[in-house]
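Each remark here refers to the structure printed beneath this line.
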Amino acid sequence: IDKKTLVASFFKNKKRAAHSFLSPKDPWYDPQKIQERYSYSPQKARELLETEGWKKSEDGFRYKNGVKLSLPFVTTAGSKTRETVQLYLVDQWKKVGVEVIVKNAPARAMFDSVIKRQYPAMAMYAISFMPEPSLSTYYHSKNIPSEANAWSGRNTTGWINEKLDGLLEKIDSEMNFSKRKKLVSQIANLYMDDAPTIPLYYRLDSAVTPKNLQG
């Protein structure tokens with residue numbers, strides 16, 4: 001995904017391309033240790049698909065053993081920004097021979113499918129983190145939503161990584177900021193290696209503060 005063109009074309013570079021769940025404004029963010037893993041390279045994408053046996057047909061899409069590489073893609077219906085970005089992504093994947101079919105749904109229905117992990121292939125939505133959040137809530141394997149926990153977990157991607165779970169348990173009991181920051185860098189690198197989600201860009205929220213506001 002060409003994230004640089006995305007933020008330049010749609011947001012006039014007022015938003016930044018994202019490579020991690022951490023915002024550059026977060027105290028935990030370390031630009032020396034949190035760097036982009038997968039640079040934009042359509043040629044590399046084509047090579048990987050070819051290596052895995054997905055061959056391009058005359059219709060411009062890829063097939064393997066007679067099966068078309070076709071992925072349903074859902075986001076919240078009626079959100080113009082998300083739907084516009086969605087079409088941009090569909091075009092990006094089409095250029096390397098992947099068919100992506102838009103199947104949007106009302107917010108309530110879409111998020112219900114996300115929580116219950118019933119969306120067919122890809123879902124696009126926003127996640128907001130407070131500074132120094134409890135990352136276990138979002139990424140520990142024990143917090144994968146299921147019927148057993150009444151769909152209460154926030155690890156909606158179903159990410160399971162034993163090393164990650166250990167780091168998350170350490171950071172929850174570590175009080176020293178410097179040590180916590182080092183643990184977060186390790187967690188962020190595992191996130192970028194495994195890519196349980198594909199972060200696109202950091203959103204901007206506007207706020208008005210009166211000049212005479214104190215305290």
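Every chain in the structure tokens takes a letter, A first, then B, and so on in the order presented; its residues are numbered from 1, and the ligands are numbered from 1 following the presented order.
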
Could you write out, as a PyMOL selection string, all the residues of range 66-181 of chain A that DSSP marks as alpha helix (DSSP H)? chain A and resi 80-94+107-115+135-139+162-173+177-181

Taking the chain letters and numbering used in this document, name the residues of chain A that DSSP puts in strand (DSSP E), as a list of chain:residue names.
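Filtering chain A to strand (DSSP E) leaves A:Lys55, A:Lys56, A:Arg62, A:Tyr63, A:Lys64, A:Val67, A:Lys68, A:Ser70, A:Leu71, A:Pro72, A:Phe73, A:Val74, A:Glu99, A:Val100, A:Ile101, A:Val102, A:Met122, A:Ala123.
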
Hey, could you make a per-residue contact list for range 22-85 of chain A against range 125-147 of chain A with 10 Å as the cut-off, showing the nearest pair of atoms and its distance in Å to one decimal, counting only C-alpha atoms, sorted by chain and number, as CSV?
```
residue,atom,partner,partner_atom,distance
A:Leu22,CA,A:Phe129,CA,8.0
A:Ser23,CA,A:Phe129,CA,8.6
A:Lys25,CA,A:Pro131,CA,8.7
A:Asp26,CA,A:Pro131,CA,5.8
A:Pro27,CA,A:Pro131,CA,7.1
A:Trp28,CA,A:Glu132,CA,6.9
A:Tyr29,CA,A:Glu132,CA,9.8
A:Val74,CA,A:Tyr125,CA,9.1
A:Thr75,CA,A:Tyr125,CA,6.4
A:Thr76,CA,A:Tyr125,CA,7.5
A:Arg82,CA,A:Tyr125,CA,7.9
```

Using only C-alpha atoms, which residues sit within 9 Å of range 46-57 of chain A once same-chain residues fewer than 4 positions away are excluded, as a PyMOL selection string? chain A and resi 41-42+61-65+68-69+96-97

Practice task
Name all residues at most 10 Å from range 179-192 of chain A (count only C-alpha atoms; drop same-chain ones fewer than 3 positions away) and give them as a ChimeraX atom specification.
Solution key: /A:19-22,27-38,132,135,139,159,161,163-168,170-176,195-199

One decimal place gives the CA of Ala77 in chain A-CA of Ser113 in chain A separation as 13.8 Å

Quiz item: Counting only C-alpha atoms, what is within 10 Å of Arg117 in chain A, bar same-chain residues fewer than 2 positions away, as a list in words?
Solution: Phe111, Asp112, Ser113, Val114, Ile115, Tyr119, Pro120, Ala121, Ala123, Ile144, Pro145, Ser146, Trp151, Asn155, Thr156, Thr157 and Gly158 of chain A

Would you mind exporting C-alpha atoms of the selected residues as a compact mmCIF listing (two decimals), in the first residue's frame?
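Okay, this is what ended up in selection10.txt:
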```
# COMPACT_ATOMS: atom_id res chain seq x y z
CA PHE A 111 -18.40 -3.89 14.54
CA ASP A 112 -20.46 -6.85 15.70
CA SER A 113 -18.80 -8.93 12.98
CA VAL A 114 -15.37 -7.57 14.01
CA ILE A 115 -15.86 -8.36 17.70
CA TYR A 119 -15.93 -10.65 8.84
CA PRO A 120 -14.95 -12.58 5.69
CA ALA A 121 -11.44 -11.28 4.96
CA ALA A 123 -12.22 -4.93 7.83
CA ILE A 144 -9.31 -12.80 21.94
CA PRO A 145 -13.11 -12.32 21.85
CA SER A 146 -15.04 -15.54 22.13
CA TRP A 151 -17.06 -11.42 23.36
CA ASN A 155 -7.80 -8.75 20.48
CA THR A 156 -10.19 -8.88 17.53
CA THR A 157 -7.52 -10.06 15.06
CA GLY A 158 -6.93 -13.23 17.07
```
